[in-house]
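> So here's my_file-v2.tsv (TSV, C-alpha atoms and all ligand atoms).
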```tsv
chain	number	residue	atom	x	y	z
W	286	MET	CA	-8.76	34.35	9.67
W	287	LYS	CA	-11.79	35.13	7.49
W	288	ALA	CA	-15.16	34.19	9.02
W	289	PHE	CA	-15.85	31.50	6.40
W	290	GLU	CA	-12.52	29.82	7.05
W	291	LYS	CA	-13.69	28.38	10.31
W	292	ASN	CA	-16.03	26.10	8.36
W	293	ILE	CA	-13.31	24.74	6.14
W	294	ARG	CA	-12.05	21.21	6.81
W	295	LYS	CA	-8.32	21.62	7.24
W	296	VAL	CA	-5.96	18.72	7.14
W	297	GLU	CA	-2.25	18.32	7.16
W	298	PRO	CA	-1.81	16.88	3.69
W	299	TYR	CA	-0.13	13.62	2.84
W	300	VAL	CA	3.24	14.37	1.26
W	301	PRO	CA	3.90	11.93	-1.57
W	302	GLY	CA	7.38	10.85	-2.66
W	303	GLU	CA	8.87	12.90	-5.46
W	304	GLN	CA	8.23	12.02	-9.12
W	305	PRO	CA	11.20	13.82	-10.69
W	306	GLY	CA	9.91	13.53	-14.27
W	307	ARG	CA	13.25	12.41	-15.66
W	308	ARG	CA	15.12	9.17	-15.54
W	309	VAL	CA	16.67	8.60	-12.11
W	310	ILE	CA	17.20	5.52	-9.99
W	311	LYS	CA	13.85	5.75	-8.36
W	312	LEU	CA	13.63	3.85	-5.10
W	313	ASN	CA	11.30	6.22	-3.25
W	314	THR	CA	7.67	5.24	-3.84
W	315	ASN	CA	7.64	1.44	-3.85
W	316	GLU	CA	6.83	1.13	-7.52
W	317	ASN	CA	7.67	-2.13	-9.25
W	318	PRO	CA	10.82	-1.76	-11.41
W	319	TYR	CA	9.52	-4.25	-14.00
W	320	PRO	CA	6.87	-3.50	-16.63
W	321	PRO	CA	3.30	-4.80	-16.29
W	322	ALA	CA	2.47	-8.20	-17.83
W	323	PRO	CA	2.96	-8.13	-21.64
W	324	GLY	CA	-0.78	-8.58	-22.24
W	325	VAL	CA	-1.44	-5.22	-20.59
W	326	GLN	CA	0.32	-3.27	-23.35
W	327	LYS	CA	-1.64	-5.21	-25.98
W	328	ALA	CA	-4.93	-4.62	-24.18
W	329	MET	CA	-4.17	-0.91	-24.11
W	330	GLU	CA	-3.50	-0.81	-27.85
W	331	GLN	CA	-6.78	-2.58	-28.53
W	332	ILE	CA	-9.06	-0.17	-26.70
W	333	SER	CA	-11.39	1.13	-29.39
W	334	PRO	CA	-12.08	4.86	-29.65
W	335	ASP	CA	-15.74	3.98	-29.34
W	336	LYS	CA	-15.11	2.58	-25.87
W	337	LEU	CA	-13.42	5.81	-24.92
W	338	ARG	CA	-16.32	7.84	-26.29
W	339	MET	CA	-18.68	6.19	-23.86
W	340	TYR	CA	-18.73	6.16	-20.06
W	341	PRO	CA	-17.11	3.11	-18.52
W	342	ASP	CA	-19.19	0.32	-17.01
W	343	PRO	CA	-19.96	1.60	-13.50
W	344	THR	CA	-20.09	-1.95	-12.16
W	345	ALA	CA	-16.55	-2.54	-13.50
W	346	SER	CA	-17.66	-6.07	-14.30
W	347	VAL	CA	-14.71	-7.11	-16.50
W	348	LEU	CA	-12.28	-6.42	-13.68
W	349	VAL	CA	-14.53	-7.56	-10.84
W	350	ASP	CA	-15.15	-10.86	-12.65
W	351	SER	CA	-11.48	-11.54	-13.25
W	352	LEU	CA	-10.58	-10.80	-9.62
W	353	ALA	CA	-13.46	-12.96	-8.36
W	354	GLU	CA	-12.22	-15.84	-10.51
W	355	TYR	CA	-8.60	-15.35	-9.45
W	356	TYR	CA	-9.42	-15.42	-5.74
W	357	GLY	CA	-12.22	-17.99	-5.96
W	358	VAL	CA	-14.85	-15.68	-4.47
W	359	ASN	CA	-18.21	-14.45	-5.75
W	360	LYS	CA	-18.51	-11.28	-7.80
W	361	ASP	CA	-20.48	-9.60	-5.05
W	362	GLN	CA	-17.50	-9.99	-2.75
W	363	VAL	CA	-15.25	-7.68	-4.79
W	364	PHE	CA	-15.15	-3.89	-4.79
W	365	VAL	CA	-12.76	-2.06	-7.13
W	366	GLY	CA	-11.53	1.51	-7.08
W	367	VAL	CA	-9.05	4.05	-8.37
W	368	GLY	CA	-6.03	2.71	-6.52
W	369	SER	CA	-6.26	1.21	-3.06
W	370	ASP	CA	-6.03	4.76	-1.70
W	371	ASP	CA	-9.52	5.43	-3.01
W	372	VAL	CA	-10.77	2.06	-1.82
W	373	LEU	CA	-9.39	2.76	1.66
W	374	SER	CA	-10.74	6.28	1.72
W	375	MET	CA	-14.18	4.92	0.79
W	376	CYS	CA	-13.85	2.34	3.57
W	377	PHE	CA	-13.04	5.07	6.12
W	378	LEU	CA	-16.04	7.09	5.01
W	379	THR	CA	-18.43	4.15	4.98
W	380	PHE	CA	-17.38	2.02	7.93
W	381	PHE	CA	-15.80	4.31	10.49
W	382	ASN	CA	-18.85	6.13	11.75
W	383	SER	CA	-18.62	5.70	15.51
W	384	GLU	CA	-18.00	8.21	18.25
W	385	LYS	CA	-15.45	5.82	19.64
W	386	PRO	CA	-11.94	6.24	18.24
W	387	ILE	CA	-10.67	3.97	15.52
W	388	LEU	CA	-7.27	2.37	16.09
W	389	PHE	CA	-4.25	2.31	13.80
W	390	PRO	CA	-0.54	2.14	14.61
W	391	ASP	CA	1.67	5.11	15.39
W	392	ILE	CA	4.11	4.66	12.55
W	393	THR	CA	2.11	3.37	9.64
W	394	TYR	CA	0.81	4.52	6.27
W	395	SER	CA	0.35	8.24	6.85
W	396	PHE	CA	-2.79	8.56	4.72
W	397	TYR	CA	-4.87	6.98	7.52
W	398	LYS	CA	-4.47	10.07	9.67
W	399	VAL	CA	-5.36	12.35	6.74
W	400	TRP	CA	-8.64	10.51	6.05
W	401	ALA	CA	-9.53	10.31	9.72
W	402	ASP	CA	-8.98	14.08	10.07
W	403	LEU	CA	-10.83	14.89	6.86
W	404	TYR	CA	-13.83	12.75	7.72
W	405	ARG	CA	-13.84	13.79	11.40
W	406	ILE	CA	-13.20	10.27	12.66
W	407	PRO	CA	-11.66	10.18	16.14
W	408	TYR	CA	-8.60	7.96	16.43
W	409	ILE	CA	-6.03	6.54	18.82
W	410	CYS	CA	-2.65	5.41	17.53
W	411	PRO	CA	-0.93	2.84	19.74
W	412	LYS	CA	2.83	3.13	19.43
W	413	LEU	CA	4.79	0.33	17.83
W	414	MET	CA	6.97	-1.61	20.27
W	415	ASP	CA	10.72	-0.91	20.54
W	416	ASP	CA	11.40	-3.42	17.77
W	417	PHE	CA	8.84	-1.62	15.55
W	418	ARG	CA	6.32	-4.45	15.74
W	419	ILE	CA	2.62	-3.93	16.37
W	420	ARG	CA	1.53	-4.97	19.89
W	421	LYS	CA	-1.70	-6.81	19.20
W	422	GLU	CA	-3.07	-6.33	22.73
W	423	ASP	CA	-3.23	-2.57	22.01
W	424	TYR	CA	-6.05	-3.40	19.62
W	425	TYR	CA	-8.16	-5.19	22.24
W	426	GLN	CA	-9.36	-1.91	23.81
W	427	GLU	CA	-12.81	-0.54	23.00
W	428	ASN	CA	-12.84	1.21	19.63
W	429	GLY	CA	-14.87	2.30	16.61
W	430	GLY	CA	-12.90	0.29	14.06
W	431	VAL	CA	-9.41	-0.98	13.31
W	432	ILE	CA	-7.09	-0.61	10.33
W	433	PHE	CA	-3.52	-1.73	9.91
W	434	PRO	CA	-1.32	-2.69	6.99
W	435	ASN	CA	0.25	-6.12	6.80
W	436	PRO	CA	3.15	-5.89	6.03
W	437	ASN	CA	3.22	-2.56	7.85
W	438	ALA	CA	4.61	0.50	6.09
W	439	PRO	CA	7.24	1.87	6.19
W	440	THR	CA	8.72	-0.87	8.40
W	441	GLY	CA	7.95	-3.76	6.04
W	442	ILE	CA	7.30	-6.02	9.02
W	443	TYR	CA	4.80	-8.82	8.32
W	444	GLU	CA	2.75	-10.56	10.98
W	445	GLY	CA	1.44	-14.08	10.44
W	446	LEU	CA	-2.17	-15.02	10.04
W	447	GLU	CA	-2.64	-16.03	13.68
W	448	PHE	CA	-1.65	-12.56	14.81
W	449	VAL	CA	-4.04	-10.96	12.32
W	450	GLU	CA	-6.83	-13.32	13.32
W	451	ASP	CA	-6.38	-12.46	17.00
W	452	ILE	CA	-6.98	-8.79	16.23
W	453	ILE	CA	-10.03	-9.53	14.09
W	454	ALA	CA	-11.49	-11.97	16.62
W	455	HIS	CA	-11.15	-9.40	19.42
W	456	ASN	CA	-13.00	-6.78	17.39
W	457	GLN	CA	-16.06	-8.52	16.04
W	458	ASP	CA	-18.35	-5.59	16.91
W	459	VAL	CA	-16.49	-3.22	14.60
W	460	ILE	CA	-15.03	-3.33	11.09
W	461	VAL	CA	-11.41	-4.42	10.75
W	462	ILE	CA	-9.57	-3.43	7.56
W	463	VAL	CA	-6.35	-5.22	6.72
W	464	ASP	CA	-4.43	-3.18	4.15
W	465	GLU	CA	-2.43	-5.71	2.17
W	466	ALA	CA	-0.71	-3.42	-0.34
W	467	TYR	CA	2.49	-5.48	-0.01
W	468	ILE	CA	1.14	-8.94	0.81
W	469	ASP	CA	2.32	-10.60	-2.42
W	470	PHE	CA	5.94	-10.11	-1.30
W	471	ALA	CA	5.21	-11.53	2.16
W	472	GLY	CA	3.20	-14.48	3.45
W	473	LYS	CA	-0.36	-15.64	3.90
W	474	SER	CA	-3.16	-13.17	3.21
W	475	ALA	CA	-6.07	-12.44	5.53
W	476	LEU	CA	-8.29	-13.34	2.56
W	477	GLU	CA	-8.29	-16.82	4.08
W	478	LEU	CA	-10.36	-15.40	6.94
W	479	ILE	CA	-13.12	-13.60	5.07
W	480	ASP	CA	-15.59	-16.47	5.31
W	481	LYS	CA	-14.95	-16.79	9.01
W	482	TYR	CA	-15.26	-13.13	10.07
W	483	GLU	CA	-18.12	-10.93	8.89
W	484	ASN	CA	-16.34	-7.80	10.12
W	485	LEU	CA	-13.23	-8.23	7.94
W	486	ILE	CA	-12.27	-6.32	4.80
W	487	VAL	CA	-9.04	-7.01	2.95
W	488	VAL	CA	-7.69	-4.31	0.64
W	489	GLN	CA	-5.04	-4.91	-2.03
W	490	THR	CA	-3.56	-3.05	-5.00
W	491	PHE	CA	-2.18	-3.43	-8.53
W	492	SER	CA	0.43	-0.75	-7.81
W	493	LYS	CA	3.16	-2.94	-6.32
W	494	SER	CA	3.22	-6.63	-7.27
W	495	ARG	CA	1.44	-6.02	-10.59
W	496	SER	CA	3.53	-3.02	-11.72
W	497	MET	CA	0.52	-0.82	-12.43
W	498	ALA	CA	0.77	2.16	-10.07
W	499	GLY	CA	0.15	4.51	-13.00
W	500	MET	CA	-3.19	2.84	-13.84
W	501	ARG	CA	-4.59	3.33	-10.35
W	502	ILE	CA	-6.31	0.04	-9.51
W	503	GLY	CA	-7.15	-1.19	-6.04
W	504	TYR	CA	-9.76	-3.53	-4.61
W	505	ALA	CA	-11.42	-4.75	-1.47
W	506	ILE	CA	-12.59	-8.29	-0.84
W	507	SER	CA	-15.09	-9.11	1.88
W	508	ASN	CA	-18.58	-10.55	2.30
W	509	PRO	CA	-21.44	-9.35	0.04
W	510	THR	CA	-23.03	-7.27	2.80
W	511	LEU	CA	-20.00	-5.06	3.40
W	512	ILE	CA	-19.19	-4.84	-0.32
W	513	LYS	CA	-22.73	-3.62	-0.99
W	514	TYR	CA	-22.28	-0.81	1.52
W	515	LEU	CA	-19.14	0.26	-0.31
W	516	ASN	CA	-20.81	0.14	-3.72
W	517	ASP	CA	-23.83	2.10	-2.48
W	518	ALA	CA	-21.49	4.83	-1.25
W	519	LYS	CA	-19.29	4.70	-4.36
W	520	TYR	CA	-22.08	5.26	-6.85
W	521	SER	CA	-22.64	8.66	-5.28
W	522	PHE	CA	-19.06	9.65	-6.10
W	523	ASN	CA	-18.54	9.37	-9.81
W	524	SER	CA	-14.85	10.14	-9.41
W	525	TYR	CA	-14.45	6.69	-7.90
W	526	THR	CA	-15.58	5.04	-11.13
W	527	MET	CA	-12.64	3.38	-12.84
W	528	ASN	CA	-11.72	4.39	-16.37
W	529	GLN	CA	-12.07	2.05	-19.31
W	530	ALA	CA	-8.31	1.54	-19.81
W	531	ALA	CA	-7.79	0.56	-16.17
W	532	LEU	CA	-10.69	-1.91	-16.33
W	533	VAL	CA	-9.47	-3.84	-19.37
W	534	CYS	CA	-5.76	-3.64	-18.54
W	535	GLY	CA	-6.36	-4.70	-14.95
W	536	ALA	CA	-8.40	-7.71	-16.10
W	537	GLU	CA	-5.60	-8.64	-18.51
W	538	ALA	CA	-2.92	-8.39	-15.80
W	539	VAL	CA	-4.79	-10.80	-13.53
W	540	LYS	CA	-4.74	-13.48	-16.27
W	541	ASP	CA	-0.95	-13.72	-16.40
W	542	LYS	CA	-0.14	-15.67	-13.27
W	543	VAL	CA	3.24	-16.86	-14.51
W	544	TYR	CA	4.56	-13.36	-15.22
W	545	PHE	CA	3.19	-12.14	-11.89
W	546	GLU	CA	4.89	-14.90	-9.91
W	547	GLU	CA	8.21	-14.48	-11.74
W	548	THR	CA	8.24	-10.73	-11.13
W	549	VAL	CA	7.45	-11.11	-7.44
W	550	GLN	CA	10.15	-13.76	-7.13
W	551	LYS	CA	12.77	-11.49	-8.72
W	552	ILE	CA	11.94	-8.74	-6.25
W	553	VAL	CA	12.01	-11.09	-3.27
W	554	GLU	CA	15.46	-12.35	-4.36
W	555	THR	CA	16.80	-8.84	-4.90
W	556	ARG	CA	15.43	-7.87	-1.49
W	557	ALA	CA	17.37	-10.68	0.21
W	558	TRP	CA	20.54	-9.77	-1.68
W	559	SER	CA	20.11	-6.06	-0.85
W	560	VAL	CA	19.64	-6.75	2.86
W	561	GLU	CA	22.98	-8.58	2.83
W	562	GLN	CA	24.64	-5.64	1.10
W	563	PHE	CA	23.19	-3.15	3.57
W	564	LYS	CA	24.35	-5.27	6.50
W	565	GLU	CA	27.85	-5.58	5.08
W	566	LEU	CA	28.02	-1.80	5.05
W	567	GLY	CA	26.97	-1.62	8.70
W	568	PHE	CA	23.31	-0.72	8.18
W	569	LYS	CA	20.60	-2.01	10.46
W	570	CYS	CA	17.64	-3.36	8.43
W	571	LEU	CA	14.21	-4.15	9.78
W	572	ASP	CA	12.97	-7.58	8.73
W	573	SER	CA	11.07	-6.53	5.61
W	574	GLN	CA	8.61	-8.75	3.81
W	575	ALA	CA	7.60	-5.97	1.41
W	576	ASN	CA	9.16	-4.53	-1.77
W	577	PHE	CA	11.14	-2.02	0.29
W	578	ILE	CA	13.68	-2.09	3.11
W	579	PHE	CA	13.68	0.24	6.10
W	580	VAL	CA	17.29	0.92	7.04
W	581	MET	CA	19.47	3.04	9.32
W	582	HIS	CA	23.21	3.41	9.78
W	583	PRO	CA	24.37	3.97	13.35
W	584	GLU	CA	27.25	6.20	12.24
W	585	TYR	CA	25.84	8.20	9.35
W	586	ASP	CA	23.09	10.79	9.43
W	587	ALA	CA	20.10	9.64	7.39
W	588	LYS	CA	19.15	13.09	6.13
W	589	GLU	CA	22.66	13.79	4.88
W	590	MET	CA	22.83	10.39	3.22
W	591	PHE	CA	19.42	10.92	1.62
W	592	GLU	CA	20.58	14.29	0.21
W	593	ALA	CA	23.87	12.83	-1.02
W	594	LEU	CA	21.99	10.02	-2.79
W	595	LYS	CA	19.68	12.50	-4.40
W	596	LYS	CA	22.62	14.45	-5.81
W	597	GLU	CA	23.59	11.19	-7.53
W	598	ASP	CA	20.06	10.89	-8.93
W	599	ILE	CA	19.28	8.02	-6.57
W	600	TYR	CA	15.93	8.75	-4.91
W	601	VAL	CA	14.98	7.03	-1.65
W	602	ARG	CA	12.45	8.06	0.99
W	603	PHE	CA	13.25	9.93	4.19
W	604	TRP	CA	10.78	11.46	6.64
W	605	GLY	CA	12.84	12.57	9.62
W	606	SER	CA	9.84	12.16	11.90
W	607	GLU	CA	9.84	11.07	15.53
W	608	ARG	CA	11.45	7.68	16.21
W	609	ILE	CA	12.43	7.24	12.57
W	610	GLU	CA	14.72	10.28	12.26
W	611	GLN	CA	17.64	8.08	11.28
W	612	TYR	CA	15.78	5.75	8.94
W	613	MET	CA	15.47	5.71	5.16
W	614	ARG	CA	13.07	3.55	3.18
W	615	VAL	CA	14.55	2.06	0.05
W	616	THR	CA	12.34	0.45	-2.59
W	617	VAL	CA	13.70	-2.78	-4.03
W	618	GLY	CA	14.56	-1.98	-7.65
W	619	THR	CA	16.19	-4.14	-10.29
W	620	ARG	CA	19.46	-5.81	-9.40
W	621	GLU	CA	21.29	-3.22	-11.58
W	622	GLU	CA	19.60	-0.31	-9.78
W	623	MET	CA	20.52	-1.78	-6.42
W	624	GLU	CA	24.10	-2.33	-7.56
W	625	ALA	CA	24.32	1.37	-8.45
W	626	LEU	CA	22.94	2.26	-5.01
W	627	PHE	CA	25.48	0.07	-3.22
W	628	ALA	CA	28.36	1.30	-5.39
W	629	PHE	CA	27.55	4.81	-4.19
W	630	LEU	CA	27.06	3.77	-0.56
W	631	ARG	CA	30.41	1.96	-0.56
W	632	ARG	CA	32.08	5.18	-1.72
W	633	TYR	CA	30.13	7.18	0.86
W	634	ILE	CA	30.84	4.87	3.79
W	635	LYS	CA	34.12	3.19	3.02
W	636	GLY	CA	35.59	5.79	0.69
W	637	GLU	CA	36.08	3.08	-1.93
V	701	LIG	N1	-1.54	1.17	1.52
V	701	LIG	C1	-0.23	1.24	1.79
V	701	LIG	C2	0.27	0.66	3.07
V	701	LIG	C3	0.65	1.86	0.89
V	701	LIG	O1	1.95	1.97	1.17
V	701	LIG	C4	0.13	2.38	-0.33
V	701	LIG	C5	1.05	2.99	-1.36
V	701	LIG	N2	1.64	4.15	-1.08
V	701	LIG	C6	-1.23	2.29	-0.55
V	701	LIG	C7	-2.04	1.67	0.37
V	701	LIG	C8	-1.88	2.90	-1.75
V	701	LIG	O2	-1.51	2.37	-2.96
V	701	LIG	P1	-2.34	2.59	-4.28
V	701	LIG	O3	-3.30	3.73	-4.06
V	701	LIG	O4	-1.33	2.89	-5.31
V	701	LIG	O5	-3.07	1.32	-4.53
```
Go ahead and render the structure in this file as structure tokens.

Amino acid sequence: MKAFEKNIRKVEPYVPGEQPGRRVIKLNTNENPYPPAPGVQKAMEQISPDKLRMYPDPTASVLVDSLAEYYGVNKDQVFVGVGSDDVLSMCFLTFFNSEKPILFPDITYSFYKVWADLYRIPYICPKLMDDFRIRKEDYYQENGGVIFPNPNAPTGIYEGLEFVEDIIAHNQDVIVIVDEAYIDFAGKSALELIDKYENLIVVQTFSKSRSMAGMRIGYAISNPTLIKYLNDAKYSFNSYTMNQAALVCGAEAVKDKVYFEETVQKIVETRAWSVEQFKELGFKCLDSQANFIFVMHPEYDAKEMFEALKKEDIYVRFWGSERIEQYMRVTVGTREEMEALFAFLRRYIKGE
């Protein structure tokens, strides 16, 4: 090792799902199979070259205003960023600054560990219970902050608002971040609690329910005090400033409530249908409230199945890590995409 290498921050990188760059049945990164709201395409076509010539509005007001209106909060309660990954990373950097370890589940979104390592934040990861649920009492121990997704990833398991509130209420001396990337496919959001708890931040994204993963738009909603801390930190990192196209297209997407609700509904229906299909084939499915299903087959090896699917140009996600060696995560696609998946699985399992 060279002398200077000892000063380098080394992390085990997050390994994203493959983007094969050609048309496949892509059920591996929880993208939405439907296009964004029709107004988004129009908004994109109407961006004037002059707008592109200039720097974007650093306060992102067009998008912040539309989100504030949509959620019925004040503008100073909304923070936007380049995907919820950047919003979350900024939250880690800004709010997790204690010598005490932060808490997040063992089996959750794997970026949390990367940011904690990169920013030198100590952490403890309580294991999920045998049924893959979070044990809320694990989050009552002393800590420097708490983050968990609801629904959790990659399990898809959603916990109700009472459960979430118990964790927040037990941690009022630290910041609690609820990562709601998949909340629109599930139940009540912790946004209902932001007026009640000053230590709560809720983070959401346009990547899943709003079909805009490629635009990179995420946001945090909280009280003005915490949002100001995030903005103060953000302005020192110009890379966190959102581009002009994302600002106007994001604002446009928020306006179309009907399209949004219809799209979410289609995915929720396809999810229910897909769970039935999986079960008929002998798979065990966790109770997902997200736009993906976490499945295992007691008689078939997950890695082999994952490879066989890939040969058919059907991409799902497989990690092979401890406790989830036999699980695959399958994004809910269109009904046609799911039919193609099940046609293959029927051949694979039943030889049909
Ligand atoms: N949180 C969770 C739990 C996720 O699964 C993802 C998507 N991989 C994100 C946050 C980040 O999504 P994005 O940066 O696209 O908003």
> Please provide as a PyMOL selection string all residues within 9 Å of Gln457 (chain W), with the sequence filter that same-chain residues fewer than 6 positions apart are discarded (counting all atoms listed in the file).
chain W and resi 482-485
> Please provide as a ChimeraX atom specification all residues within 12 Å of Asp370 (chain W), with the sequence filter that same-chain residues fewer than 6 positions apart are discarded (counting all atoms listed in the file).
/W:299,376-377,394-397,399-400,464-466,488-492,498,501-505,525
> Show me, as a PyMOL selection string, the residues that have an atom within 9 Å of region 359-365 of chain W when counting all atoms listed in the file, minus same-chain residues fewer than 3 positions from it.
chain W and resi 344-346+348-354+356+368-369+372+502-513+515-516+525-527
> As number ranges by chain, please: the residues near region 591-594 of chain W (cut-off 9 Å, only C-alpha atoms, same-chain neighbours under 2 positions excluded).
W: 586-589, 596-603, 613, 626, 629-630, 633
> Need to verify the contact set: Ser494 (chain W), 12 Å, all atoms listed in the file, exclusion of same-chain residues closer than 3 positions in sequence. Can you return it as a VMD selection string?
chain W and resid 315 to 322 465 to 471 489 to 491 497 to 498 502 to 503 538 to 539 542 544 to 553 575 to 577 617
> Just to confirm, what's the straight-line distance from CA of Val358 (chain W) to CA of Ile462 (chain W) in Å (one decimal)?
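Result for CA of Val358 (chain W) versus CA of Ile462 (chain W): 18.0 Å, one decimal.
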> Restricting the calculation to only C-alpha atoms and all ligand atoms, which member of W:Phe289, W:Tyr404, W:Tyr340, W:Tyr443 is positioned closest to ligand LIG 701 (chain V)?
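Once distances to ligand LIG 701 (chain V) are computed over only C-alpha atoms and all ligand atoms, the minimum belongs to W:Tyr443.
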> Around (15.9, -0.9, -3.4) in the file's frame, which residues reach within 9 Å when counting only C-alpha atoms? Return as JSON, numbers by chain?
{"W": [311, 312, 313, 315, 555, 556, 559, 576, 577, 578, 601, 614, 615, 616, 617, 618, 619, 620, 622, 623, 626]}
> How far is it from CA of Leu388 (chain W) to CA of Gly430 (chain W), in Å with one decimal?
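Those two atoms sit 6.3 Å apart.
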> Step by step, gather every atom of region 528-534 of chain W that the file lists, find the box along x, y and z that holds them, add 3 Å on each side, and finally give centre and edge lengths in Å to one decimal, as lines of an AutoDock Vina configuration file.

```
center_x = -8.9
center_y = 0.3
center_z = -18.0
size_x = 12.3
size_y = 14.2
size_z = 9.6
```
> I need the residue nearest ligand LIG 701 (chain V) from this list: W:Leu373, W:Val449, W:Leu478, W:Cys410. Use all atoms listed in the file for the distance.
W:Leu373
> Would you please work out which residue, of W:Ile634, W:Ile479, W:Val487, W:Val461, is nearest to ligand LIG 701 (chain V) when using all atoms listed in the file?
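Closest to ligand LIG 701 (chain V), using all atoms listed in the file: W:Val487.
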> Go ahead and compute the interatomic distance for CA of Pro323 (chain W) and CA of Lys540 (chain W), in Å to one decimal.
10.8 Å
> So which one's closest to ligand LIG 701 (chain V), W:Ile460, W:Ala288, W:Ile442, W:Val580? Using all atoms listed in the file, please.
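Comparing W:Ile460, W:Ala288, W:Ile442, W:Val580 against ligand LIG 701 (chain V), the winner is W:Ile442.
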> Would you be able to write out as a list of chain:residue names which residues have an atom within 10 Å of (9.4, -1.9, 17.0) in the file's coordinates, counting all atoms listed in the file?
W:Ile392, W:Lys412, W:Leu413, W:Met414, W:Asp415, W:Asp416, W:Phe417, W:Arg418, W:Ile419, W:Arg420, W:Thr440, W:Ile442, W:Leu571, W:Arg608
> Could you save those same residues with C-alpha atoms as a PDB file, in the frame of the given file?

```pdb
ATOM      1  CA  ILE W 392       4.110   4.660  12.550  1.00  0.00           C
ATOM      2  CA  LYS W 412       2.830   3.130  19.430  1.00  0.00           C
ATOM      3  CA  LEU W 413       4.790   0.330  17.830  1.00  0.00           C
ATOM      4  CA  MET W 414       6.970  -1.610  20.270  1.00  0.00           C
ATOM      5  CA  ASP W 415      10.720  -0.910  20.540  1.00  0.00           C
ATOM      6  CA  ASP W 416      11.400  -3.420  17.770  1.00  0.00           C
ATOM      7  CA  PHE W 417       8.840  -1.620  15.550  1.00  0.00           C
ATOM      8  CA  ARG W 418       6.320  -4.450  15.740  1.00  0.00           C
ATOM      9  CA  ILE W 419       2.620  -3.930  16.370  1.00  0.00           C
ATOM     10  CA  ARG W 420       1.530  -4.970  19.890  1.00  0.00           C
ATOM     11  CA  THR W 440       8.720  -0.870   8.400  1.00  0.00           C
ATOM     12  CA  ILE W 442       7.300  -6.020   9.020  1.00  0.00           C
ATOM     13  CA  LEU W 571      14.210  -4.150   9.780  1.00  0.00           C
ATOM     14  CA  ARG W 608      11.450   7.680  16.210  1.00  0.00           C
TER      15      ARG W 608
END
```
> Pick out the closest residue to Met500 (chain W) from this set: W:Pro436, W:Gly445, W:Gly535, W:Gly567. Count all atoms listed in the file.
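Comparing W:Pro436, W:Gly445, W:Gly535, W:Gly567 against Met500 (chain W), the winner is W:Gly535.
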> Using only C-alpha atoms and all ligand atoms, which of W:Leu337, W:Val560, W:Val459, W:Val300 sits nearest ligand LIG 701 (chain V)?
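Once distances to ligand LIG 701 (chain V) are computed over only C-alpha atoms and all ligand atoms, the minimum belongs to W:Val300.
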